[in-house]
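Undergrad: This is model_12.txt (compact mmCIF, C-alpha atoms).
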# COMPACT_ATOMS: atom_id res chain seq x y z
CA MET O 1 0.00 0.00 0.00
CA ARG O 2 1.37 3.41 -0.97
CA VAL O 3 0.14 6.43 1.00
CA LEU O 4 0.60 10.13 0.31
CA MET O 5 0.61 11.80 3.74
CA ILE O 6 0.44 15.58 4.03
CA GLY O 7 1.53 17.21 7.28
CA TRP O 8 2.70 20.50 8.70
CA GLU O 9 5.58 19.48 10.94
CA PHE O 10 8.00 16.64 11.50
CA PRO O 11 11.09 16.36 13.71
CA PRO O 12 13.10 18.48 14.26
CA PHE O 13 10.15 20.87 13.80
CA PHE O 14 7.45 20.90 16.48
CA SER O 15 4.77 23.40 17.40
CA GLY O 16 2.46 20.91 19.06
CA GLY O 17 1.54 17.24 19.14
CA LEU O 18 1.21 16.84 15.37
CA GLY O 19 4.95 16.47 14.82
CA VAL O 20 5.21 13.76 17.48
CA HIS O 21 2.15 12.02 16.04
CA ALA O 22 3.48 12.07 12.46
CA TYR O 23 6.92 10.82 13.50
CA TYR O 24 5.79 7.78 15.48
CA LEU O 25 2.76 6.93 13.35
CA THR O 26 4.80 6.76 10.14
CA LYS O 27 7.59 4.86 11.91
CA HIS O 28 5.14 2.13 12.94
CA LEU O 29 3.16 2.09 9.69
CA ALA O 30 6.24 1.38 7.59
CA PRO O 31 6.88 -2.18 8.94
CA LYS O 32 3.22 -2.99 8.23
CA GLY O 33 3.75 -2.70 4.48
CA VAL O 34 2.80 0.96 4.08
CA GLU O 35 5.10 2.88 1.73
CA LEU O 36 4.90 6.56 2.63
CA LEU O 37 5.66 9.86 0.97
CA TYR O 38 5.40 12.55 3.64
CA VAL O 39 4.85 16.10 2.35
CA MET O 40 5.68 19.01 4.64
CA PRO O 41 6.73 22.66 4.41
CA TYR O 42 10.30 23.61 3.64
CA LYS O 43 11.72 25.42 6.68
CA GLY O 44 15.30 25.95 5.61
CA VAL O 45 16.55 22.55 6.80
CA LYS O 46 16.53 19.22 4.99
CA VAL O 47 14.39 16.73 6.94
CA SER O 48 14.78 12.98 6.58
CA ALA O 49 13.82 9.68 8.22
CA PRO O 50 14.97 6.20 7.19
CA TRP O 51 11.49 4.65 6.96
CA LEU O 52 9.85 7.08 4.51
CA GLU O 53 10.46 9.62 1.77
CA ILE O 54 9.96 13.28 2.67
CA LEU O 55 9.05 15.92 0.10
CA GLN O 56 9.54 19.45 1.42
CA VAL O 57 7.43 22.07 -0.31
CA PRO O 58 7.60 25.87 0.00
CA VAL O 59 4.65 27.56 1.66
CA GLU O 60 4.79 30.89 -0.16
CA GLY O 61 5.72 31.88 -3.65
CA ASP O 62 5.95 30.14 -6.98
CA ILE O 63 9.38 28.56 -6.52
CA GLY O 64 10.53 25.74 -8.73
CA PRO O 65 11.21 23.36 -10.17
CA TYR O 66 10.48 21.49 -6.95
CA LEU O 67 12.18 18.26 -7.96
CA GLN O 68 15.47 17.38 -9.59
CA VAL O 69 16.36 13.85 -10.61
CA LEU O 70 19.78 12.75 -9.36
CA GLY O 71 22.14 10.36 -11.12
CA ASP O 72 21.05 7.36 -9.07
CA GLY O 73 17.40 7.88 -9.95
CA SER O 74 16.47 9.48 -6.65
CA PHE O 75 15.25 13.05 -6.36
CA LYS O 76 15.77 16.14 -4.30
CA THR O 77 13.78 19.29 -3.70
CA ALA O 78 15.17 22.43 -5.26
CA PHE O 79 14.11 25.89 -4.22
CA GLY O 80 15.38 28.95 -2.45
CA GLU O 81 14.64 30.48 0.92
CA ASP O 82 11.00 30.40 1.97
CA LYS O 83 8.92 32.63 4.23
CA TYR O 84 5.58 32.35 5.98
CA PRO O 85 2.58 34.46 4.93
CA ALA O 86 0.90 36.83 7.35
CA ASP O 87 -2.59 35.49 6.56
CA PRO O 88 -2.80 31.79 7.56
CA VAL O 89 -5.70 31.05 5.19
CA GLU O 90 -3.88 32.53 2.23
CA GLY O 91 -0.84 30.55 3.34
CA ALA O 92 -2.88 27.32 3.34
CA LYS O 93 -4.12 28.08 -0.17
CA LYS O 94 -0.61 28.74 -1.48
CA TYR O 95 0.71 25.67 0.30
CA ALA O 96 -2.04 23.57 -1.30
CA LYS O 97 -1.13 24.88 -4.76
CA ASN O 98 2.54 24.12 -4.22
CA VAL O 99 1.85 20.66 -2.75
CA VAL O 100 -0.28 19.68 -5.76
CA ARG O 101 2.38 20.84 -8.18
CA ALA O 102 5.19 19.11 -6.28
CA VAL O 103 3.29 15.82 -5.95
CA LEU O 104 2.41 15.77 -9.65
CA GLU O 105 6.07 16.35 -10.52
CA TYR O 106 7.07 13.60 -8.11
CA ILE O 107 4.68 11.15 -9.79
CA LYS O 108 5.92 12.17 -13.24
CA ILE O 109 9.59 11.73 -12.31
CA THR O 110 9.37 8.58 -10.19
CA GLY O 111 6.46 6.83 -11.87
CA LYS O 112 5.05 6.01 -8.44
CA LYS O 113 1.32 6.23 -7.78
CA PHE O 114 -0.64 6.29 -4.55
CA ASP O 115 -3.55 4.32 -3.17
CA LEU O 116 -4.84 7.06 -0.87
CA ILE O 117 -4.15 10.48 0.64
CA HIS O 118 -3.93 11.15 4.38
CA ALA O 119 -4.02 14.84 5.42
CA HIS O 120 -3.41 16.11 8.96
CA ASP O 121 -5.18 19.20 10.34
CA TRP O 122 -6.70 22.17 8.58
CA ILE O 123 -3.51 23.63 7.06
CA THR O 124 -3.18 20.56 4.83
CA PHE O 125 -6.85 19.89 4.10
CA LEU O 126 -7.07 22.06 0.97
CA ALA O 127 -4.08 20.22 -0.50
CA GLY O 128 -5.70 16.88 0.31
CA ILE O 129 -9.03 17.85 -1.24
CA GLN O 130 -7.41 19.12 -4.45
CA LEU O 131 -5.20 16.05 -4.81
CA LYS O 132 -8.21 13.77 -4.31
CA GLU O 133 -9.86 15.49 -7.27
CA VAL O 134 -6.74 15.45 -9.45
CA LEU O 135 -5.60 11.90 -8.68
CA GLY O 136 -9.01 10.30 -8.21
CA ILE O 137 -8.05 8.42 -5.04
CA PRO O 138 -9.63 8.34 -1.54
CA LEU O 139 -8.92 10.93 1.14
CA VAL O 140 -8.48 10.29 4.88
CA VAL O 141 -8.26 13.32 7.19
CA THR O 142 -7.09 13.42 10.80
CA PHE O 143 -8.40 16.21 13.00
CA HIS O 144 -5.98 16.96 15.86
CA SER O 145 -8.04 20.01 16.85
CA THR O 146 -10.71 22.31 15.44
CA GLU O 147 -10.95 26.05 15.04
CA TYR O 148 -13.41 26.08 17.95
CA SER O 149 -10.95 24.42 20.32
CA ARG O 150 -7.91 26.43 19.17
CA THR O 151 -9.62 29.78 19.68
CA ALA O 152 -11.74 29.08 22.79
CA ASP O 153 -14.98 29.39 20.80
CA ARG O 154 -13.93 32.49 18.86
CA PRO O 155 -13.45 30.82 15.46
CA TYR O 156 -12.21 32.40 12.26
CA ASP O 157 -14.95 31.67 9.70
CA LYS O 158 -12.59 31.03 6.79
CA ILE O 159 -10.76 28.29 8.70
CA LEU O 160 -14.09 26.77 9.75
CA GLU O 161 -15.05 26.63 6.07
CA ILE O 162 -11.88 24.66 5.30
CA GLU O 163 -12.58 22.21 8.13
CA LYS O 164 -16.18 21.70 7.00
CA ALA O 165 -15.03 21.19 3.41
CA ALA O 166 -12.67 18.46 4.63
CA ILE O 167 -15.49 16.82 6.60
CA ASN O 168 -17.55 16.63 3.40
CA ALA O 169 -14.73 15.58 1.06
CA ALA O 170 -13.11 12.92 3.24
CA ASP O 171 -13.86 9.25 2.70
CA ARG O 172 -12.93 8.57 6.34
CA ILE O 173 -12.21 10.87 9.29
CA ILE O 174 -9.87 10.11 12.19
CA ALA O 175 -10.47 11.75 15.58
CA VAL O 176 -7.94 11.52 18.40
CA SER O 177 -10.47 10.84 21.19
CA ASN O 178 -14.11 9.98 21.75
CA LYS O 179 -14.80 13.41 23.24
CA PHE O 180 -13.33 14.98 20.13
CA LYS O 181 -15.41 12.75 17.86
CA GLN O 182 -18.50 14.24 19.48
CA GLU O 183 -17.27 17.74 18.70
CA LEU O 184 -16.78 16.87 15.03
CA VAL O 185 -20.35 15.55 14.91
CA GLU O 186 -22.06 18.29 16.91
CA ARG O 187 -20.12 21.36 15.79
CA LEU O 188 -18.89 20.53 12.29
CA GLY O 189 -21.73 18.28 11.18
CA ALA O 190 -19.65 15.16 10.55
CA ASP O 191 -21.34 11.82 9.96
CA PRO O 192 -20.48 9.71 13.04
CA GLU O 193 -20.45 6.57 10.86
CA LYS O 194 -17.56 8.07 8.90
CA ILE O 195 -15.33 8.70 11.96
CA ASP O 196 -12.74 6.34 13.42
CA VAL O 197 -11.09 7.10 16.79
CA VAL O 198 -7.33 6.58 16.92
CA PHE O 199 -5.79 7.71 20.19
CA ASN O 200 -2.34 9.20 20.40
CA ALA O 201 0.24 7.02 22.13
CA ILE O 202 3.63 7.31 23.79
CA ASP O 203 7.12 5.92 23.34
CA THR O 204 8.26 5.50 26.95
CA GLU O 205 11.90 4.71 26.19
CA PRO O 206 13.23 8.32 25.99
CA PHE O 207 11.60 9.10 29.35
CA GLU O 208 12.96 5.97 31.02
CA ARG O 209 16.56 6.88 30.12
CA VAL O 210 16.55 10.14 32.07
CA LYS O 211 18.25 10.15 35.47
CA LEU O 212 18.07 12.93 38.06
CA SER O 213 20.94 11.77 40.27
CA ASP O 214 23.17 14.74 39.38
CA ILE O 215 20.50 17.41 39.75
CA LYS O 216 19.80 19.07 43.08
CA LYS O 217 16.30 20.36 43.75
CA ASN O 218 15.62 22.77 46.60
CA HIS O 219 11.91 23.28 46.02
CA PRO O 220 8.85 21.22 45.06
CA ILE O 221 8.15 21.84 41.36
CA VAL O 222 4.78 22.21 39.62
CA LEU O 223 4.97 22.17 35.83
CA PHE O 224 2.89 23.62 33.00
CA PHE O 225 4.13 22.62 29.53
CA GLY O 226 2.36 23.70 26.35
CA ARG O 227 1.62 26.48 23.91
CA LEU O 228 0.87 29.73 25.69
CA THR O 229 -2.59 30.26 24.20
CA PHE O 230 -6.09 30.61 25.64
CA GLN O 231 -6.89 27.00 24.71
CA LYS O 232 -4.19 25.62 27.02
CA GLY O 233 -5.34 27.57 30.11
CA PRO O 234 -2.02 29.03 31.39
CA GLU O 235 -3.87 31.88 33.14
CA PHE O 236 -5.72 29.33 35.30
CA PHE O 237 -2.40 27.69 36.11
CA LEU O 238 -1.08 31.00 37.46
CA GLN O 239 -4.25 31.62 39.47
CA ALA O 240 -3.87 28.21 41.08
CA ALA O 241 -0.16 28.90 41.64
CA LYS O 242 -1.08 32.00 43.64
CA LEU O 243 -3.40 29.96 45.88
CA VAL O 244 -0.85 27.18 46.36
CA SER O 245 1.92 29.63 47.24
CA GLU O 246 -0.22 31.09 50.05
CA VAL O 247 -0.28 27.65 51.70
CA MET O 248 3.10 26.30 50.56
CA PRO O 249 5.41 29.27 49.89
CA GLU O 250 8.35 26.93 49.18
CA VAL O 251 6.78 25.64 45.94
CA ARG O 252 8.09 26.84 42.57
CA PHE O 253 6.13 26.85 39.33
CA ILE O 254 7.59 26.31 35.85
CA VAL O 255 5.80 27.56 32.74
CA ALA O 256 7.41 25.94 29.70
CA GLY O 257 6.46 26.76 26.12
CA LYS O 258 6.07 29.70 23.83
CA GLY O 259 3.07 31.61 22.53
CA PHE O 260 1.52 35.03 22.19
CA LEU O 261 0.33 35.08 25.82
CA LEU O 262 3.86 35.02 27.26
CA PRO O 263 4.19 38.81 27.92
CA SER O 264 0.76 39.02 29.58
CA LEU O 265 1.46 35.92 31.70
CA ILE O 266 4.70 37.44 32.98
CA GLN O 267 2.78 40.61 33.83
CA GLN O 268 0.04 38.54 35.50
CA ALA O 269 2.57 36.75 37.72
CA ALA O 270 4.07 40.08 38.76
CA GLN O 271 0.68 41.61 39.57
CA MET O 272 -0.19 38.56 41.69
CA GLY O 273 3.02 38.91 43.66
CA ILE O 274 4.39 35.50 42.61
CA ALA O 275 6.98 36.62 40.07
CA ASP O 276 9.73 35.21 42.30
CA LYS O 277 8.00 31.81 42.37
CA VAL O 278 7.29 31.35 38.65
CA ILE O 279 9.97 30.47 36.11
CA PHE O 280 9.14 31.10 32.45
CA LEU O 281 11.35 28.80 30.38
CA GLY O 282 10.08 29.62 26.90
CA TYR O 283 10.82 27.07 24.19
CA VAL O 284 12.13 23.72 25.43
CA PRO O 285 14.08 21.58 22.91
CA GLU O 286 12.69 18.13 22.26
CA GLU O 287 15.74 16.42 23.76
CA LYS O 288 15.19 18.27 27.09
CA LYS O 289 11.51 17.44 27.49
CA ALA O 290 11.94 14.16 29.34
CA LEU O 291 14.32 15.75 31.84
CA LEU O 292 11.83 18.55 32.53
CA TYR O 293 8.98 16.12 33.18
CA ARG O 294 11.16 14.03 35.50
CA TYR O 295 12.27 17.18 37.35
CA ALA O 296 8.67 18.12 38.19
CA ASP O 297 6.78 16.78 41.22
CA VAL O 298 3.41 17.23 39.52
CA TYR O 299 2.34 18.12 35.98
CA VAL O 300 -0.76 20.26 35.42
CA MET O 301 -2.72 20.53 32.14
CA PRO O 302 -5.60 22.99 32.80
CA SER O 303 -6.75 23.22 29.17
CA VAL O 304 -9.94 25.08 28.37
CA TYR O 305 -10.31 22.54 25.57
CA GLU O 306 -7.98 19.72 24.61
CA PRO O 307 -8.87 17.24 21.83
CA PHE O 308 -6.35 14.81 23.29
CA GLY O 309 -3.40 16.11 25.35
CA ILE O 310 -0.30 14.10 24.52
CA THR O 311 1.74 15.97 27.13
CA ALA O 312 -0.20 14.16 29.86
CA LEU O 313 1.06 10.84 28.46
CA GLU O 314 4.60 12.21 28.33
CA ALA O 315 4.46 13.25 31.99
CA MET O 316 3.08 9.84 32.98
CA ALA O 317 5.85 8.14 30.99
CA ALA O 318 8.33 10.13 33.08
CA GLY O 319 6.71 8.86 36.29
CA THR O 320 5.26 12.26 37.20
CA PRO O 321 1.78 12.60 38.77
CA VAL O 322 -0.69 14.36 36.47
CA ILE O 323 -3.64 16.70 37.02
CA VAL O 324 -5.71 17.38 33.89
CA SER O 325 -8.78 19.30 32.82
CA LYS O 326 -11.97 17.25 32.58
CA ASN O 327 -12.28 18.60 29.03
CA ALA O 328 -9.16 16.77 27.83
CA GLY O 329 -9.69 13.89 25.42
CA VAL O 330 -6.87 11.97 27.11
CA THR O 331 -9.27 11.24 29.99
CA ASP O 332 -11.03 8.80 27.62
CA LEU O 333 -7.83 6.79 27.68
CA VAL O 334 -6.25 7.07 31.13
CA LYS O 335 -7.76 6.89 34.61
CA HIS O 336 -4.77 7.24 36.95
CA VAL O 337 -4.82 11.03 36.84
CA LEU O 338 -6.58 13.66 38.93
CA THR O 339 -9.17 15.70 37.02
CA VAL O 340 -10.56 19.20 37.60
CA ASP O 341 -12.76 21.73 35.85
CA PHE O 342 -10.31 24.15 34.24
CA TRP O 343 -12.08 27.17 35.72
CA ASP O 344 -12.11 25.82 39.30
CA THR O 345 -8.71 27.12 40.37
CA HIS O 346 -9.42 26.52 44.07
CA GLU O 347 -10.00 22.82 43.41
CA LEU O 348 -6.91 22.74 41.19
CA ALA O 349 -4.85 24.33 43.96
CA ASN O 350 -6.24 21.84 46.52
CA LYS O 351 -5.24 18.89 44.34
CA ILE O 352 -1.76 20.29 43.71
CA ILE O 353 -1.27 20.70 47.46
CA SER O 354 -2.58 17.17 48.11
CA VAL O 355 -0.13 15.63 45.63
CA LEU O 356 2.81 17.63 47.00
CA ARG O 357 2.04 16.95 50.66
CA HIS O 358 1.10 13.28 50.48
CA ARG O 359 3.90 11.05 49.32
CA PRO O 360 1.72 7.88 49.09
CA LEU O 361 -0.65 9.69 46.70
CA ARG O 362 2.29 10.82 44.55
CA LYS O 363 3.69 7.30 44.42
CA VAL O 364 0.36 5.69 43.51
CA LEU O 365 -0.36 8.20 40.74
CA ALA O 366 3.18 7.91 39.37
CA LYS O 367 3.40 4.10 39.47
CA ASN O 368 -0.11 3.31 38.25
CA GLY O 369 -0.03 6.05 35.63
CA TYR O 370 3.21 4.71 34.21
CA MET O 371 1.89 1.14 34.10
CA GLU O 372 -1.32 2.32 32.48
CA ILE O 373 0.23 4.25 29.58
CA LYS O 374 2.61 1.38 28.78
CA ARG O 375 -0.41 -0.32 27.17
CA TYR O 376 -0.97 2.47 24.66
CA THR O 377 1.69 2.06 22.01
CA TRP O 378 2.24 3.71 18.66
CA ASP O 379 2.15 0.26 17.12
CA SER O 380 -1.47 -0.12 18.19
CA ALA O 381 -2.25 3.39 16.88
CA ALA O 382 -0.64 2.44 13.55
CA GLU O 383 -2.69 -0.78 13.44
CA LEU O 384 -5.92 1.17 13.90
CA THR O 385 -4.86 3.66 11.23
CA LEU O 386 -4.08 0.83 8.85
CA ARG O 387 -7.56 -0.56 9.54
CA THR O 388 -8.99 2.80 8.45
CA TYR O 389 -6.91 2.71 5.26
CA LYS O 390 -8.17 -0.78 4.40
CA ARG O 391 -11.74 0.25 5.09
CA VAL O 392 -11.38 3.17 2.66
CA LEU O 393 -9.82 1.03 -0.06
CA LYS O 394 -12.61 -1.56 0.19
Is it possible to give me this structure as structure tokens?

TA:
Amino acid sequence: MRVLMIGWEFPPFFSGGLGVHAYYLTKHLAPKGVELLYVMPYKGVKVSAPWLEILQVPVEGDIGPYLQVLGDGSFKTAFGEDKYPADPVEGAKKYAKNVVRAVLEYIKITGKKFDLIHAHDWITFLAGIQLKEVLGIPLVVTFHSTEYSRTADRPYDKILEIEKAAINAADRIIAVSNKFKQELVERLGADPEKIDVVFNAIDTEPFERVKLSDIKKNHPIVLFFGRLTFQKGPEFFLQAAKLVSEVMPEVRFIVAGKGFLLPSLIQQAAQMGIADKVIFLGYVPEEKKALLYRYADVYVMPSVYEPFGITALEAMAAGTPVIVSKNAGVTDLVKHVLTVDFWDTHELANKIISVLRHRPLRKVLAKNGYMEIKRYTWDSAAELTLRTYKRVLK
């Protein structure tokens, strides 16, 4: 089976869970007989992986030719420096145009054809829809989020139109949780019979390798790790941090991640009088993530809305107790976590204090959480995805 997969990120490029998902899903699909061409934006660095071909396509501008045949019959992309457009919808349209052109050139040069297209998230949906029409093959789309969830119910109509067009054009739809499947049905009008649920998973090995023996810690640590946007709820994390610090002044809070809310969050911490207790790390490289999770005594994910929440699995893989919003799709999958309403910062603070003060509770959450997520592998996610592919081709 040959699959044309269209994404937006792939290691070493991450802006959220999609890059992690694409990396591990393709890695585990390849041994199952799936030959993959992964199409992604060109970001100034050549990206490669041994189990698939990667075609990097410029986002903006009419740059080409995209492909050059090398002496050994292989190909390489050929274009100059790229830049990102200010308008994301116009960027998606230009990216779609460039993806279609690059894929058609690839087919012409290599002679390879595809059985189906698999597009991830709204930025790639236009490309997937156009290629379905041009190539006459089925389209599978994976929704990792929706415009409603990304904007805390303040959607941009033009992006909603793209998501609804993908709902209508897709032969099958993949949702990352049961909660999220309901959103696709209720808010985007998707046919529930057309949706398959494929949970995200976790590779525990990188988290198991990390040792803390050489690191001294003078304070209990509470961690927030995610994009600094309204969807992820960092303001509620700081409100809870204020309440915790009034009871346990020795606790320190780490806010890791980047996003447009960073300046206002720093100001919020200062106005609350906890600036000396909150550390804003900004961007954390992928290779440092496991160490950060292991360093924390408790991980908090207070998302206003979270289709899945792969960071909760990462924290559990590191043996760190987890508190998550009841809205998170990951609660469909795991039970050895504490849950709260994102807006109930007093309850969130109480649960943080309980985990920090009661060692038996910490140990039970850490041990049982780790054992629980060991069952959810990327191989099983790949098997479910392959089942969707076969269903489409039938």

Undergrad: For a test of reading the model, state the distance in Å between atom CA of O:Pro263 and atom CA of O:Leu18, rounded to one decimal.

TA: 25.5 Å

Undergrad: Skipping near chain neighbours, those fewer than 3 positions away, what residues fall within 9 Å of O:Arg2 using all atoms listed in the file, listed as a list of chain:residue names?

TA: O:Gly33, O:Val34, O:Glu35, O:Leu36, O:Leu37, O:Lys112, O:Lys113, O:Phe114, O:Asp115, O:Leu116

Undergrad: So, counting only C-alpha atoms, which residue among O:Val298, O:Leu139, O:Ala49, O:Ala256 is closest to O:Val284?

TA: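 The closest residue to O:Val284 is O:Ala256.
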
Undergrad: With only C-alpha atoms as the atoms that count, which of O:Met1, O:Ala349, O:Leu313, O:Val355 lies nearest to O:Asp203?

TA: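 Nearest to O:Asp203: O:Leu313.
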
Undergrad: Tell me, in Å to one decimal, how far atom CA of O:Thr110 is from atom CA of O:Pro31.

TA: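 Between atom CA of O:Thr110 and atom CA of O:Pro31 the gap is 22.1 Å.
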
Undergrad: So, with only C-alpha atoms as the atoms that count, which of O:Pro302, O:Pro58, O:Gly273, O:Gly17 lies closest to O:Val322?

TA: O:Pro302

Undergrad: Between O:Ala30, O:Val45, O:Met301, O:Leu184, which has the minimum distance to O:Phe13 (counting only C-alpha atoms)?

TA: O:Val45

Undergrad: So what do you get for atom CA of O:Val392 versus atom CA of O:Gln56, distance-wise?

TA: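 The value is 26.5 Å.
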
Undergrad: Distance table requested - stretch 129-241 of chain O against stretch 245-248 of chain O, cut-off 12 Å, all atoms listed in the file: one row per qualifying residue with the closest atom pair and its distance in Å to one decimal, ordered by chain and rising residue number, as CSV.

TA:
residue,atom,partner,partner_atom,distance
O:His219,CA,O:Met248,CA,10.4
O:Pro220,CA,O:Met248,CA,9.4
O:Ile221,CA,O:Met248,CA,11.4
O:Val222,CA,O:Ser245,CA,11.0
O:Leu238,CA,O:Ser245,CA,10.3
O:Gln239,CA,O:Ser245,CA,10.1
O:Ala240,CA,O:Ser245,CA,8.6
O:Ala241,CA,O:Ser245,CA,6.0

Undergrad: Quick one: of O:Leu348, O:Phe10, O:Arg154, O:Val334, who's nearest to O:Ala201, counting all atoms listed in the file?

TA: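 Among O:Leu348, O:Phe10, O:Arg154, O:Val334, it is O:Val334 that comes nearest to O:Ala201.
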
Undergrad: Which residue, O:Leu386, O:Ile266, O:Ile195, O:Ile6, has the smallest gap to O:Ile123 when you use only C-alpha atoms?

TA: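 Ranked by minimum distance to O:Ile123, first place goes to O:Ile6.
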
Undergrad: Find the residues around O:Ala315 up to 9 Å (all atoms listed in the file counted), leave out those fewer than 6 positions away in its own chain, and share them as an NGL selection string.

TA: :O and (207 or 290 or 293-294 or 296 or 298-299 or 321-322 or 370)

Undergrad: Stretch 373-378 of chain O: which residues within 10 Å, counting all atoms listed in the file, same-chain residues fewer than 2 positions away excluded, as an MDAnalysis selection string?

TA: chainID O and resid 21 23:29 199:204 312:314 316:317 333:336 368:371 380:384

Undergrad: Using the partial input, fill out stretch 114-136 of chain O with N, CA and C atoms; write the result as a CSV table (one decimal), in the frame of the given file.

TA:
chain,number,residue,atom,x,y,z
O,114,PHE,N,-0.2,6.5,-5.9
O,114,PHE,CA,-0.6,6.3,-4.6
O,114,PHE,C,-2.0,5.7,-4.5
O,115,ASP,N,-2.3,4.9,-3.4
O,115,ASP,CA,-3.6,4.3,-3.2
O,115,ASP,C,-4.5,5.3,-2.5
O,116,LEU,N,-4.0,6.1,-1.6
O,116,LEU,CA,-4.8,7.1,-0.9
O,116,LEU,C,-4.0,8.2,-0.3
O,117,ILE,N,-4.7,9.3,0.1
O,117,ILE,CA,-4.2,10.5,0.6
O,117,ILE,C,-4.6,10.6,2.1
O,118,HIS,N,-3.6,11.0,3.0
O,118,HIS,CA,-3.9,11.2,4.4
O,118,HIS,C,-3.4,12.5,4.8
O,119,ALA,N,-4.4,13.4,5.1
O,119,ALA,CA,-4.0,14.8,5.4
O,119,ALA,C,-4.3,15.1,6.9
O,120,HIS,N,-3.3,15.8,7.5
O,120,HIS,CA,-3.4,16.1,9.0
O,120,HIS,C,-3.7,17.6,9.2
O,121,ASP,N,-4.8,17.9,9.9
O,121,ASP,CA,-5.2,19.2,10.3
O,121,ASP,C,-5.5,20.2,9.2
O,122,TRP,N,-6.1,21.3,9.6
O,122,TRP,CA,-6.7,22.2,8.6
O,122,TRP,C,-5.7,22.8,7.6
O,123,ILE,N,-4.5,23.0,8.0
O,123,ILE,CA,-3.5,23.6,7.1
O,123,ILE,C,-3.3,22.8,5.8
O,124,THR,N,-3.4,21.5,5.9
O,124,THR,CA,-3.2,20.6,4.8
O,124,THR,C,-4.4,20.1,4.1
O,125,PHE,N,-5.6,20.5,4.6
O,125,PHE,CA,-6.8,19.9,4.1
O,125,PHE,C,-7.1,20.3,2.7
O,126,LEU,N,-6.8,21.6,2.3
O,126,LEU,CA,-7.1,22.1,1.0
O,126,LEU,C,-6.2,21.3,0.0
O,127,ALA,N,-5.0,21.0,0.4
O,127,ALA,CA,-4.1,20.2,-0.5
O,127,ALA,C,-4.6,18.8,-0.7
O,128,GLY,N,-5.1,18.2,0.4
O,128,GLY,CA,-5.7,16.9,0.3
O,128,GLY,C,-6.9,16.8,-0.6
O,129,ILE,N,-7.8,17.8,-0.4
O,129,ILE,CA,-9.0,17.8,-1.2
O,129,ILE,C,-8.7,18.0,-2.7
O,130,GLN,N,-7.8,18.9,-3.0
O,130,GLN,CA,-7.4,19.1,-4.4
O,130,GLN,C,-6.7,17.9,-5.1
O,131,LEU,N,-5.9,17.2,-4.3
O,131,LEU,CA,-5.2,16.0,-4.8
O,131,LEU,C,-6.2,14.9,-5.0
O,132,LYS,N,-7.2,14.8,-4.1
O,132,LYS,CA,-8.2,13.8,-4.3
O,132,LYS,C,-8.9,14.0,-5.7
O,133,GLU,N,-9.2,15.2,-6.0
O,133,GLU,CA,-9.9,15.5,-7.3
O,133,GLU,C,-8.9,15.2,-8.5
O,134,VAL,N,-7.7,15.6,-8.3
O,134,VAL,CA,-6.7,15.4,-9.4
O,134,VAL,C,-6.4,14.0,-9.7
O,135,LEU,N,-6.1,13.3,-8.6
O,135,LEU,CA,-5.6,11.9,-8.7
O,135,LEU,C,-6.7,10.9,-8.7
O,136,GLY,N,-7.9,11.2,-8.2
O,136,GLY,CA,-9.0,10.3,-8.2
O,136,GLY,C,-8.8,9.2,-7.2
